[in-house]
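First up is the structure itself, then whatever we jot down about it.
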Amino acid sequence: MSEPPAYDEMLAVPNVVRPHYREFCSWLDSTPAQVIAHKREEADTIFHRVGITFAVYGEDAGKERLIPFDIVPRIIPAAEWQRVKALNAFIHDVYHDQEILKAGRIPAQQVLGNSQFRKEMIGVDVPEQIYAHIAGIDLVRAGDGEYFVLEDNLRTPSGVSYMLENRKMMMRLFPELFSRQAIAPVEHYPDLLLENLRAVAPAGIGEPNVVLLTPGQFNSAYFEHAFLAQQMGIELVEGNDLFVRDYTVYMRTTQGPRRVDVIYRRIDDDYLDPQAFLKDSVLGVPGLFSAYRTGNVTLANGVGTGIADDKAMYIHVPEMIRFYCGEEPILANVPTWELSKSDDCRYVLDHLAELVVKEVHGSGGYGMLVGPAASKDELRIFRDKIIAEPSKYIAQPTLALSTCPTFVESGVAPRHIDLRPFVLSGKEVHMVPGGLTRVALREGSLVVNSSQGGGTKDTWVLEA
Amino acid sequence: MLSSTADHLYWMARSFERAENTARMLDVTYRMSLLKQATAEPFQEWAAILSISGLASDYFERYGLIDADNVLRFMALDEANSVSIISSLYSARENARAVRGTITSELWETINATWLQMREIEIQGIPPDGVSTFFDWVKERSHLSRGVAHGTMLRGDAFRFIRLGTFLERADNTARILDVKYHILLPSPKDVGGAADYYQWSALLRSVSAFESYRKVFRDVITPLRVADLLVLNPDMPRSIRTCIHEVNRLVLDLAGDKNWELQRQVGLLYAELRYGSIDDIVGQGLHEYLTGILKRIGAIAEEINKTYFWPTDD
């Protein structure tokens with residue numbers, strides 16, 4: 001099979017470097033290979049000592065490992081937020097008047113019958129009508145260089161700590177690169193996040209007490225939870241640090257109970273409150289949802305955001321933008337087939353070997369099929385799964401994700417990448433110029449998820 | 001501060017201090033065992049280590065007969081032994097990991113790097129000629145982590161809970177080591193001890209870094225009574241029980257709040273007794289009985305710290 005041509009982020013045509021990569025490239029050419037190899041080792045040592053690790057589920061469970069950090073930065077010109085505004089408006093709408101459904105712009109059945117639709121949230125008012133306070137929008141750049149949205153992450157998007165740590169590492173290893181060009185800073189992200197969280201505290205709270213709720217040390221993103229709590233100077237709490245009395249949340253401190261106003265929670269909806277959701281959850285706080293409904297505590301992200309980032313809902317986002325913002329979408333969606341539609345399903349089954357098929361409720365790159373890379377057996381197994389439950393899946397064309405030079409065993413070689421910028425919504429919408437670039441380290445691979453052997457890169461936005 | 005955070009900080013410090021104390025005890029015993037003429041029954045020395053930590057039955061179950069290599073392995077590298085050096089360093093690191101947002105990154109990195117090096121040592125094994133080097137390393141890392149905490153942590157409650165863990169563990173340890181050694185050397189209060197015991201007493205002093213201090217304080221021969229005096233009542237010895245409880249007393253007052261009266265009372269009472277006690281009275285009533293009493297009260301204080309700070313009731 002011949003690969004479709006991928007957009008090379010550094011080279012316009014062979015041997016011609018794109019303007020924004022010129023400075024980096026001349027530095028790379030003038031730096032001896034041993035120096036670079038040595039710096040890579042140094043980065044590994046530092047990451048280990050600092051304990052920037054990632055826990056892997058399944059095989060080798062409980063092992064901590066590093067997310068491979070690649071020292072070739074990824075350089076991009078710019079980004080935006082129209083989409084997040086529309087998504088927040090959509091979530092508010094579906095839990096209140098459901099105008100978009102009444103207008104027939106999205107099939108009501110797809111929303112109301114979706115397992116991510118939380119009936120408990122109907123009529124619940126949240127500060128500023130913001131649900132997705134922190135959104136991670138996965139972008140890819142296809143053959144001709146155009147950006148597409150691959151996925152919206154509105155539940156508990158992670159990865160921002162790697163954005164920050166990668167930058168710190170690059171500045172430590174290669175300070176000279178930063179003096180040669182103007183790279184937009186990202187270090188103020190925790191300040192923006194804290195400001196954003198304080199802005200959505202329940203009305204009338206002077207100095208809101210903000211905490212970060214983590215499932216605990218054994219969660220794969222625990223490092224990030226601890227890191228962000230520290231950077232913001234807020235308490236990192238687990239479920240059993242909190243309790244609810246009179247619809248108010250308190251934390252247990254050495255000086256007695258202290259009221260909690262805003263919870264930046266990194267626990268999924270299902271596990272938040274055993275009284276409201278999964279009964280056997282030991283991660284959550286009994287009574288938390290009732291306190292939330294009463295308006296005595298803000299949860300960020302809000303409950304029920306899954307209805308908007310669900311892969312079945314993804315195809316409707318351009319329509320949401322038109323409906324709520326009255327604008328045409330700036331960022332395009334990747335063309336998507338809904339396997340619940342019989343025409344789409346037939347097409348997909350006929351072209352399975354060319355397509356990427358994803359589970360509607362899946363995440364982290366688990367349970368997906370990359371047609372061109374799959375064996376005959378894998379194709380057959382997937383075909384059976386689709387036929388058994390077509391509505392569980394969507395399919396997309398295999399995009400020629402852009403490539404970026406990356407250090408691999410054999411030297412510097414192009415590898416496929418994506419980009420996750422983070423959008424903060426509170427009283428205003430904020431972004432830092434940058435994001436997390438994930439890279440598929442295996443040659444030809446299109447799967448960038450860290451749980452599937454992906455690495456990360458520092459991401460630079462160059463200031464004019 | 002969150003109750004659970006305080007709990008982790010306290011145990012982080014206790015575990016690291018415990019690793020250091022275990023290394024000290026093992027090191028002294030190991031050095032003594034090299035001096036053949038000094039000990040008639042080297043065996044008893046190794047058994048003493050196990051009884052100090054209350055681990056004799058665990059050990060016999062797993063290893064059978066007492067021999068130096070096995071006791072060393074059991075106390076240094078055996079992960080099944082919850083108070084071995086490796087287990088203590090692991091516990092220090094896991095507790096630190098849980099509160100890495102509360103401690104300074106320098107402190108976290110020190111503790112984490114210690115654990116990573118410990119892992120390496122475990123894989124490489126301790127070579128026969130590297131035993132003392134290993135113990136020196138443990139002590140050094142403990143000094144380092146205490147120093148980093150001292151040099152980088154904000155003087156707030158987090159720092160106080162760390163110190164609380166350190167000094168309570170140290171008081172406990174000094175009491176244990178003195179009790180067991182005294183018992184071996186002078187089984188009955190009437191025994192005076194002979195010249196051969198000189199090595200034993202000096203080893204005990206060395207194990208708590210008190211040998212040089214003894215010379216400075218007394219400028220005289222080593223006698224059991226003075227050793228006890230130095231390690232129990234001396235206000236200037238950094239590892240004496242009095243010094244440790246003095247520190248605990250100050251920390252508990254600084255941590256005040258309105259709920260810790262019972263804790264203040266227990267610690268204050270113990271400190272007053274140490275502050276105004278005399279070694280003749282103590283030996284008169286029997287040192288072993290006295291130290292057993294001290295250990296019990298340290299245990300009660302630890303229990304009260306738990307109730308007051310770590311697992312408070314919700315009202």
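If you're wondering about the labels, chains in the structure tokens are A, B, ... by order shown, residues count from 1 in each chain, ligands from 1 in order shown.
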
Counting only C-alpha atoms, which residues of chain A sit at most 10 Å from some atom of chain B, and what is each one's closest atom pair with its distance in Å to one decimal, listed by chain and rising residue number, as a tab-separated table?
residue	atom	partner	partner_atom	distance
A:Ile46	CA	B:Glu109	CA	9.7
A:His48	CA	B:Ala113	CA	8.4
A:Arg49	CA	B:Ala113	CA	5.6
A:Val50	CA	B:Glu109	CA	5.6
A:Gly51	CA	B:Asn112	CA	7.3
A:Gly216	CA	B:Ala98	CA	8.1
A:Gln217	CA	B:Ala98	CA	6.5
A:Tyr222	CA	B:Ala98	CA	9.2
A:Phe223	CA	B:Arg97	CA	8.9
A:His225	CA	B:Gly101	CA	9.1
A:Ala226	CA	B:Gly101	CA	5.4
A:Phe227	CA	B:Gly101	CA	6.4
A:Leu228	CA	B:Gly101	CA	8.3
A:Ala229	CA	B:Gly101	CA	6.4
A:Gln230	CA	B:Gly101	CA	4.4
A:Gln231	CA	B:Gly101	CA	7.9
A:Met232	CA	B:Gly101	CA	9.7
A:Gly233	CA	B:Gly101	CA	8.2
A:Ile234	CA	B:Gly101	CA	8.8
A:Glu235	CA	B:Leu2	CA	7.6
A:Leu236	CA	B:Gly101	CA	7.5
A:Val237	CA	B:Leu2	CA	7.9
A:Glu238	CA	B:Ser4	CA	8.9
A:Asn240	CA	B:Ser4	CA	8.7
A:Asp241	CA	B:Ser4	CA	6.8
A:Leu242	CA	B:Leu2	CA	9.5
A:Phe243	CA	B:Asp314	CA	8.2
A:Val244	CA	B:Asp314	CA	9.9
A:Arg245	CA	B:Asp314	CA	9.4
A:Tyr250	CA	B:Asp314	CA	9.3
A:Met251	CA	B:Leu2	CA	7.1
A:Arg252	CA	B:Ser3	CA	5.7
A:Thr253	CA	B:Leu2	CA	4.0
A:Thr254	CA	B:Tyr309	CA	4.7
A:Gln255	CA	B:Gly257	CA	6.2
A:Gly256	CA	B:Asp315	CA	7.6
A:Pro257	CA	B:Asp314	CA	6.9
A:Arg258	CA	B:Leu2	CA	9.3

For N, CA, C and O atoms, I'd like the residues from the last selection saved as a short mmCIF file (atom, residue, chain, number, x, y, z; two decimals), in the first residue's frame.
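Below is the file again_8.cif, written as the result:
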data_model
loop_
_atom_site.label_atom_id
_atom_site.label_comp_id
_atom_site.auth_asym_id
_atom_site.auth_seq_id
_atom_site.Cartn_x
_atom_site.Cartn_y
_atom_site.Cartn_z
N ILE A 46 16.69 13.56 33.95
CA ILE A 46 15.98 14.59 34.70
C ILE A 46 14.51 14.21 34.88
O ILE A 46 13.96 14.31 35.97
N HIS A 48 13.22 11.32 35.04
CA HIS A 48 13.12 10.26 36.04
C HIS A 48 13.26 10.82 37.44
O HIS A 48 12.51 10.48 38.35
N ARG A 49 14.27 11.68 37.63
CA ARG A 49 14.52 12.20 38.96
C ARG A 49 13.35 13.05 39.43
O ARG A 49 12.91 12.96 40.56
N VAL A 50 12.84 13.86 38.53
CA VAL A 50 11.72 14.72 38.89
C VAL A 50 10.45 13.90 39.05
O VAL A 50 9.50 14.29 39.70
N GLY A 51 10.45 12.69 38.44
CA GLY A 51 9.29 11.82 38.59
C GLY A 51 8.14 12.21 37.70
O GLY A 51 6.98 12.13 38.08
N GLY A 216 -6.35 9.75 42.76
CA GLY A 216 -5.29 9.24 43.62
C GLY A 216 -4.04 8.87 42.85
O GLY A 216 -3.97 8.97 41.63
N GLN A 217 -3.06 8.43 43.63
CA GLN A 217 -1.72 8.16 43.11
C GLN A 217 -1.67 7.16 41.98
O GLN A 217 -0.70 7.10 41.26
N TYR A 222 -1.82 11.13 37.52
CA TYR A 222 -1.61 11.68 38.86
C TYR A 222 -0.52 12.74 38.90
O TYR A 222 -0.63 13.77 39.56
N PHE A 223 0.53 12.49 38.15
CA PHE A 223 1.61 13.48 38.13
C PHE A 223 1.06 14.85 37.77
O PHE A 223 1.39 15.86 38.39
N HIS A 225 -2.00 15.98 38.07
CA HIS A 225 -2.86 16.54 39.11
C HIS A 225 -2.02 17.22 40.18
O HIS A 225 -2.29 18.35 40.59
N ALA A 226 -1.00 16.50 40.62
CA ALA A 226 -0.14 17.05 41.68
C ALA A 226 0.58 18.30 41.19
O ALA A 226 0.69 19.30 41.89
N PHE A 227 1.04 18.22 39.97
CA PHE A 227 1.79 19.33 39.37
C PHE A 227 0.93 20.59 39.30
O PHE A 227 1.34 21.67 39.72
N LEU A 228 -0.29 20.44 38.78
CA LEU A 228 -1.15 21.62 38.62
C LEU A 228 -1.56 22.19 39.98
O LEU A 228 -1.58 23.41 40.16
N ALA A 229 -1.87 21.30 40.93
CA ALA A 229 -2.25 21.79 42.26
C ALA A 229 -1.11 22.61 42.84
O ALA A 229 -1.31 23.70 43.39
N GLN A 230 0.11 22.09 42.68
CA GLN A 230 1.26 22.80 43.23
C GLN A 230 1.46 24.14 42.52
O GLN A 230 1.68 25.17 43.15
N GLN A 231 1.38 24.11 41.20
CA GLN A 231 1.60 25.34 40.45
C GLN A 231 0.57 26.41 40.79
O GLN A 231 0.86 27.59 40.78
N MET A 232 -0.67 25.98 41.09
CA MET A 232 -1.70 26.95 41.41
C MET A 232 -1.73 27.27 42.90
O MET A 232 -2.44 28.18 43.33
N GLY A 233 -1.00 26.48 43.69
CA GLY A 233 -1.02 26.72 45.13
C GLY A 233 -2.34 26.35 45.77
O GLY A 233 -2.79 26.97 46.72
N ILE A 234 -3.00 25.32 45.23
CA ILE A 234 -4.26 24.88 45.84
C ILE A 234 -4.09 23.46 46.39
O ILE A 234 -3.12 22.78 46.06
N GLU A 235 -5.03 23.03 47.22
CA GLU A 235 -4.94 21.70 47.81
C GLU A 235 -5.26 20.63 46.77
O GLU A 235 -6.21 20.77 45.99
N LEU A 236 -4.48 19.56 46.80
CA LEU A 236 -4.76 18.37 45.99
C LEU A 236 -5.53 17.42 46.91
O LEU A 236 -4.99 16.99 47.92
N VAL A 237 -6.79 17.14 46.59
CA VAL A 237 -7.57 16.31 47.51
C VAL A 237 -8.03 15.02 46.83
O VAL A 237 -8.15 14.95 45.61
N GLU A 238 -8.28 14.01 47.67
CA GLU A 238 -8.93 12.80 47.19
C GLU A 238 -10.32 12.78 47.82
O GLU A 238 -10.58 13.54 48.76
N ASN A 240 -11.81 11.05 49.96
CA ASN A 240 -12.02 10.96 51.42
C ASN A 240 -11.44 12.13 52.20
O ASN A 240 -11.53 12.18 53.42
N ASP A 241 -10.89 13.12 51.50
CA ASP A 241 -10.52 14.37 52.18
C ASP A 241 -11.73 15.31 52.29
O ASP A 241 -11.68 16.30 53.00
N LEU A 242 -12.77 14.98 51.54
CA LEU A 242 -13.93 15.87 51.49
C LEU A 242 -15.15 15.19 52.13
O LEU A 242 -15.25 13.97 52.15
N PHE A 243 -16.06 16.01 52.63
CA PHE A 243 -17.36 15.48 53.04
C PHE A 243 -18.40 16.57 52.84
O PHE A 243 -18.06 17.75 52.70
N VAL A 244 -19.67 16.15 52.79
CA VAL A 244 -20.74 17.10 52.53
C VAL A 244 -21.67 17.13 53.73
O VAL A 244 -22.05 16.09 54.27
N ARG A 245 -21.96 18.36 54.20
CA ARG A 245 -22.94 18.52 55.27
C ARG A 245 -23.83 19.69 54.90
O ARG A 245 -23.33 20.72 54.47
N TYR A 250 -17.04 20.32 52.48
CA TYR A 250 -15.94 20.70 53.37
C TYR A 250 -14.75 19.79 53.13
O TYR A 250 -14.91 18.65 52.70
N MET A 251 -13.55 20.30 53.45
CA MET A 251 -12.40 19.40 53.47
C MET A 251 -11.92 19.23 54.91
O MET A 251 -12.08 20.13 55.74
N ARG A 252 -11.38 18.06 55.18
CA ARG A 252 -10.89 17.78 56.53
C ARG A 252 -9.48 18.35 56.67
O ARG A 252 -8.58 17.94 55.94
N THR A 253 -9.29 19.27 57.58
CA THR A 253 -7.95 19.82 57.77
C THR A 253 -7.50 19.62 59.20
O THR A 253 -8.30 19.25 60.07
N THR A 254 -6.24 19.88 59.44
CA THR A 254 -5.70 19.72 60.80
C THR A 254 -6.30 20.75 61.74
O THR A 254 -6.16 20.63 62.94
N GLN A 255 -6.94 21.78 61.19
CA GLN A 255 -7.59 22.79 62.04
C GLN A 255 -9.11 22.66 61.98
O GLN A 255 -9.81 23.63 62.24
N GLY A 256 -9.61 21.49 61.57
CA GLY A 256 -11.05 21.31 61.50
C GLY A 256 -11.56 21.48 60.08
O GLY A 256 -10.78 21.73 59.17
N PRO A 257 -12.90 21.34 59.88
CA PRO A 257 -13.46 21.39 58.52
C PRO A 257 -13.32 22.79 57.90
O PRO A 257 -13.42 23.79 58.59
N ARG A 258 -13.03 22.82 56.57
CA ARG A 258 -12.97 24.10 55.87
C ARG A 258 -13.79 24.00 54.60
O ARG A 258 -13.69 23.01 53.87
#

Residues of region 193-359 of chain A classed as helix (DSSP H, G or I) by DSSP on the backbone are to be reported as a CSV table (one decimal) with N, CA, C and O atoms, in the first residue's frame.
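Saved the output as states_31.csv:
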chain,number,residue,atom,x,y,z
A,193,LEU,N,-5.4,29.4,34.6
A,193,LEU,CA,-6.4,28.3,35.1
A,193,LEU,C,-7.0,28.7,36.4
A,193,LEU,O,-8.2,28.6,36.6
A,194,LEU,N,-6.1,29.1,37.4
A,194,LEU,CA,-6.6,29.4,38.7
A,194,LEU,C,-7.6,30.6,38.6
A,194,LEU,O,-8.7,30.6,39.2
A,195,GLU,N,-7.2,31.6,37.9
A,195,GLU,CA,-8.1,32.8,37.7
A,195,GLU,C,-9.4,32.4,37.1
A,195,GLU,O,-10.5,32.8,37.6
A,196,ASN,N,-9.4,31.5,36.2
A,196,ASN,CA,-10.5,31.0,35.5
A,196,ASN,C,-11.4,30.2,36.5
A,196,ASN,O,-12.7,30.4,36.5
A,197,LEU,N,-10.8,29.4,37.4
A,197,LEU,CA,-11.6,28.6,38.3
A,197,LEU,C,-12.2,29.5,39.4
A,197,LEU,O,-13.3,29.3,39.8
A,198,ARG,N,-11.5,30.5,39.8
A,198,ARG,CA,-12.0,31.4,40.8
A,198,ARG,C,-13.2,32.2,40.3
A,198,ARG,O,-14.1,32.6,41.0
A,199,ALA,N,-13.1,32.5,39.0
A,199,ALA,CA,-14.2,33.3,38.4
A,199,ALA,C,-15.5,32.6,38.3
A,199,ALA,O,-16.5,33.2,38.1
A,222,TYR,N,-1.8,11.1,37.5
A,222,TYR,CA,-1.6,11.7,38.9
A,222,TYR,C,-0.5,12.7,38.9
A,222,TYR,O,-0.6,13.8,39.6
A,223,PHE,N,0.5,12.5,38.1
A,223,PHE,CA,1.6,13.5,38.1
A,223,PHE,C,1.1,14.9,37.8
A,223,PHE,O,1.4,15.9,38.4
A,224,GLU,N,0.2,14.9,36.8
A,224,GLU,CA,-0.3,16.1,36.3
A,224,GLU,C,-1.2,16.8,37.4
A,224,GLU,O,-1.2,18.0,37.6
A,225,HIS,N,-2.0,16.0,38.1
A,225,HIS,CA,-2.9,16.5,39.1
A,225,HIS,C,-2.0,17.2,40.2
A,225,HIS,O,-2.3,18.4,40.6
A,226,ALA,N,-1.0,16.5,40.6
A,226,ALA,CA,-0.1,17.0,41.7
A,226,ALA,C,0.6,18.3,41.2
A,226,ALA,O,0.7,19.3,41.9
A,227,PHE,N,1.0,18.2,40.0
A,227,PHE,CA,1.8,19.3,39.4
A,227,PHE,C,0.9,20.6,39.3
A,227,PHE,O,1.3,21.7,39.7
A,228,LEU,N,-0.3,20.4,38.8
A,228,LEU,CA,-1.1,21.6,38.6
A,228,LEU,C,-1.6,22.2,40.0
A,228,LEU,O,-1.6,23.4,40.2
A,229,ALA,N,-1.9,21.3,40.9
A,229,ALA,CA,-2.3,21.8,42.3
A,229,ALA,C,-1.1,22.6,42.8
A,229,ALA,O,-1.3,23.7,43.4
A,230,GLN,N,0.1,22.1,42.7
A,230,GLN,CA,1.3,22.8,43.2
A,230,GLN,C,1.5,24.1,42.5
A,230,GLN,O,1.7,25.2,43.2
A,231,GLN,N,1.4,24.1,41.2
A,231,GLN,CA,1.6,25.3,40.4
A,231,GLN,C,0.6,26.4,40.8
A,231,GLN,O,0.9,27.6,40.8
A,232,MET,N,-0.7,26.0,41.1
A,232,MET,CA,-1.7,26.9,41.4
A,232,MET,C,-1.7,27.3,42.9
A,232,MET,O,-2.4,28.2,43.3
A,239,GLY,N,-11.2,11.9,47.3
A,239,GLY,CA,-12.5,11.8,47.8
A,239,GLY,C,-12.7,11.8,49.3
A,239,GLY,O,-13.5,12.6,49.9
A,240,ASN,N,-11.8,11.1,50.0
A,240,ASN,CA,-12.0,11.0,51.4
A,240,ASN,C,-11.4,12.1,52.2
A,240,ASN,O,-11.5,12.2,53.4
A,241,ASP,N,-10.9,13.1,51.5
A,241,ASP,CA,-10.5,14.4,52.2
A,241,ASP,C,-11.7,15.3,52.3
A,241,ASP,O,-11.7,16.3,53.0
A,269,ASP,N,-17.5,11.7,35.7
A,269,ASP,CA,-18.9,11.9,36.3
A,269,ASP,C,-19.3,10.7,37.1
A,269,ASP,O,-19.8,10.8,38.2
A,270,ASP,N,-19.1,9.5,36.5
A,270,ASP,CA,-19.7,8.3,37.1
A,270,ASP,C,-19.2,8.0,38.5
A,270,ASP,O,-19.8,7.4,39.3
A,271,TYR,N,-17.9,8.5,38.8
A,271,TYR,CA,-17.3,8.2,40.1
A,271,TYR,C,-17.4,9.3,41.1
A,271,TYR,O,-16.9,9.2,42.2
A,288,LEU,N,-22.0,14.9,47.0
A,288,LEU,CA,-21.4,16.0,46.2
A,288,LEU,C,-22.3,16.6,45.2
A,288,LEU,O,-22.4,17.8,45.0
A,289,PHE,N,-23.0,15.7,44.5
A,289,PHE,CA,-23.9,16.1,43.4
A,289,PHE,C,-25.0,17.0,44.0
A,289,PHE,O,-25.4,18.0,43.3
A,290,SER,N,-25.5,16.6,45.1
A,290,SER,CA,-26.6,17.4,45.7
A,290,SER,C,-26.1,18.8,46.0
A,290,SER,O,-26.8,19.8,45.8
A,291,ALA,N,-24.9,18.9,46.5
A,291,ALA,CA,-24.3,20.2,46.8
A,291,ALA,C,-24.1,21.0,45.5
A,291,ALA,O,-24.3,22.3,45.5
A,292,TYR,N,-23.8,20.3,44.5
A,292,TYR,CA,-23.5,21.0,43.2
A,292,TYR,C,-24.9,21.5,42.6
A,292,TYR,O,-25.0,22.6,42.2
A,293,ARG,N,-25.9,20.7,42.7
A,293,ARG,CA,-27.2,21.1,42.2
A,293,ARG,C,-27.7,22.3,43.0
A,293,ARG,O,-28.4,23.2,42.4
A,294,THR,N,-27.4,22.3,44.3
A,294,THR,CA,-27.9,23.4,45.1
A,294,THR,C,-27.2,24.7,44.8
A,294,THR,O,-27.6,25.8,45.2
A,306,GLY,N,-20.0,15.2,28.7
A,306,GLY,CA,-19.8,14.1,27.8
A,306,GLY,C,-20.8,14.1,26.6
A,306,GLY,O,-20.5,13.6,25.6
A,307,ILE,N,-21.9,14.8,26.8
A,307,ILE,CA,-22.9,14.8,25.8
A,307,ILE,C,-22.4,15.6,24.6
A,307,ILE,O,-22.8,15.4,23.4
A,308,ALA,N,-21.4,16.5,24.8
A,308,ALA,CA,-20.9,17.4,23.7
A,308,ALA,C,-19.7,16.8,23.0
A,308,ALA,O,-19.4,17.2,21.9
A,309,ASP,N,-18.9,16.0,23.8
A,309,ASP,CA,-17.6,15.5,23.1
A,309,ASP,C,-17.7,14.1,22.7
A,309,ASP,O,-16.8,13.5,22.2
A,311,LYS,N,-18.3,11.0,20.4
A,311,LYS,CA,-17.9,10.9,19.0
A,311,LYS,C,-19.1,10.9,18.1
A,311,LYS,O,-19.1,11.4,17.0
A,312,ALA,N,-20.3,10.5,18.6
A,312,ALA,CA,-21.5,10.6,17.8
A,312,ALA,C,-22.0,12.0,17.7
A,312,ALA,O,-22.7,12.3,16.7
A,313,MET,N,-21.7,12.9,18.6
A,313,MET,CA,-22.1,14.2,18.6
A,313,MET,C,-21.2,15.1,17.8
A,313,MET,O,-21.5,16.2,17.3
A,314,TYR,N,-19.9,14.6,17.6
A,314,TYR,CA,-18.9,15.4,16.9
A,314,TYR,C,-19.3,15.9,15.6
A,314,TYR,O,-19.1,17.0,15.2
A,317,VAL,N,-21.1,19.3,15.5
A,317,VAL,CA,-20.5,20.5,16.0
A,317,VAL,C,-20.5,21.7,15.0
A,317,VAL,O,-20.9,22.8,15.4
A,318,PRO,N,-20.2,21.5,13.8
A,318,PRO,CA,-20.3,22.6,12.8
A,318,PRO,C,-21.7,23.2,12.8
A,318,PRO,O,-21.9,24.5,12.8
A,319,GLU,N,-22.7,22.4,13.0
A,319,GLU,CA,-24.1,22.9,13.0
A,319,GLU,C,-24.3,23.7,14.3
A,319,GLU,O,-25.0,24.7,14.3
A,320,MET,N,-23.8,23.2,15.4
A,320,MET,CA,-23.9,24.0,16.7
A,320,MET,C,-23.3,25.4,16.5
A,320,MET,O,-23.8,26.3,17.0
A,321,ILE,N,-22.1,25.4,15.8
A,321,ILE,CA,-21.5,26.7,15.7
A,321,ILE,C,-22.4,27.7,14.9
A,321,ILE,O,-22.6,28.8,15.3
A,322,ARG,N,-23.0,27.2,13.8
A,322,ARG,CA,-23.9,28.0,13.1
A,322,ARG,C,-25.1,28.4,13.9
A,322,ARG,O,-25.5,29.5,13.9
A,323,PHE,N,-25.6,27.5,14.7
A,323,PHE,CA,-26.9,27.7,15.4
A,323,PHE,C,-26.6,28.7,16.6
A,323,PHE,O,-27.4,29.7,16.8
A,324,TYR,N,-25.6,28.5,17.4
A,324,TYR,CA,-25.4,29.3,18.6
A,324,TYR,C,-24.6,30.6,18.3
A,324,TYR,O,-24.7,31.6,18.9
A,325,CYS,N,-23.6,30.5,17.4
A,325,CYS,CA,-22.8,31.7,17.1
A,325,CYS,C,-23.2,32.5,15.9
A,325,CYS,O,-22.7,33.6,15.6
A,342,SER,N,-27.6,3.2,7.8
A,342,SER,CA,-27.3,2.0,7.1
A,342,SER,C,-26.5,2.3,5.8
A,342,SER,O,-25.6,1.5,5.5
A,343,ASP,N,-26.7,3.4,5.2
A,343,ASP,CA,-25.9,3.7,4.0
A,343,ASP,C,-24.4,3.9,4.4
A,343,ASP,O,-23.5,3.3,3.7
A,344,ASP,N,-24.2,4.7,5.4
A,344,ASP,CA,-22.8,4.9,5.9
A,344,ASP,C,-22.2,3.5,6.3
A,344,ASP,O,-21.0,3.3,5.9
A,345,CYS,N,-23.0,2.7,6.9
A,345,CYS,CA,-22.4,1.5,7.4
A,345,CYS,C,-22.0,0.6,6.3
A,345,CYS,O,-20.9,0.0,6.3
A,346,ARG,N,-22.9,0.6,5.3
A,346,ARG,CA,-22.5,-0.3,4.1
A,346,ARG,C,-21.2,0.2,3.5
A,346,ARG,O,-20.3,-0.6,3.2
A,347,TYR,N,-21.1,1.5,3.3
A,347,TYR,CA,-19.9,2.1,2.7
A,347,TYR,C,-18.7,1.7,3.5
A,347,TYR,O,-17.7,1.2,3.0
A,348,VAL,N,-18.8,1.8,4.8
A,348,VAL,CA,-17.6,1.6,5.7
A,348,VAL,C,-17.2,0.1,5.6
A,348,VAL,O,-16.0,-0.2,5.5
A,349,LEU,N,-18.2,-0.8,5.7
A,349,LEU,CA,-17.9,-2.2,5.6
A,349,LEU,C,-17.2,-2.5,4.3
A,349,LEU,O,-16.2,-3.4,4.3
A,350,ASP,N,-17.6,-1.9,3.2
A,350,ASP,CA,-17.0,-2.1,1.9
A,350,ASP,C,-15.5,-1.6,1.8
A,350,ASP,O,-14.7,-2.0,1.0
A,352,LEU,N,-13.4,-0.9,4.6
A,352,LEU,CA,-12.8,-1.0,6.0
A,352,LEU,C,-11.3,-0.9,6.0
A,352,LEU,O,-10.7,-0.2,6.9
A,353,ALA,N,-10.6,-1.5,5.0
A,353,ALA,CA,-9.2,-1.5,5.0
A,353,ALA,C,-8.6,-0.1,4.7
A,353,ALA,O,-7.4,0.1,4.9
A,354,GLU,N,-9.4,0.9,4.3
A,354,GLU,CA,-8.9,2.2,4.1
A,354,GLU,C,-9.2,3.2,5.2
A,354,GLU,O,-8.7,4.3,5.3

- Query: Which residues, written as a PyMOL selection string, have at least one atom at most 10 Å from Ala43 (chain A), with only C-alpha atoms counted and residues fewer than 5 positions away on the same chain left out?
  - Reply: chain A and resi 37-38+48-49+68-71+166+169-170+172-173

re CA of Glu428 (chain A) and CA of Phe117 (chain A): distance 26.0 Å

Near Asp236 (chain B), counting only C-alpha atoms, which residues have an atom at most 12 Å away, once you skip same-chain residues fewer than 4 positions from it, shown as a CSV table (one decimal) with C-alpha atoms, in the first residue's frame?
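out_18.csv was written with the following content:
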chain,number,residue,atom,x,y,z
B,210,ALA,CA,27.4,10.1,70.5
B,213,SER,CA,30.1,14.0,72.3
B,214,TYR,CA,30.5,11.6,75.3
B,216,LYS,CA,33.4,16.2,75.3
B,217,VAL,CA,30.7,16.1,77.9
B,229,ASP,CA,22.4,9.8,81.2
B,230,LEU,CA,23.7,11.1,77.9
B,231,LEU,CA,21.1,9.3,75.8
B,232,VAL,CA,18.1,9.9,78.0
B,240,SER,CA,18.8,12.0,73.3
B,241,ILE,CA,15.2,11.3,74.3
B,242,ARG,CA,14.9,14.6,76.1
B,243,THR,CA,16.0,16.6,73.1
B,244,CYS,CA,13.6,14.8,70.8
B,246,HIS,CA,11.6,18.8,73.7
B,247,GLU,CA,11.3,19.3,70.0
B,275,ARG,CA,13.5,17.9,81.9
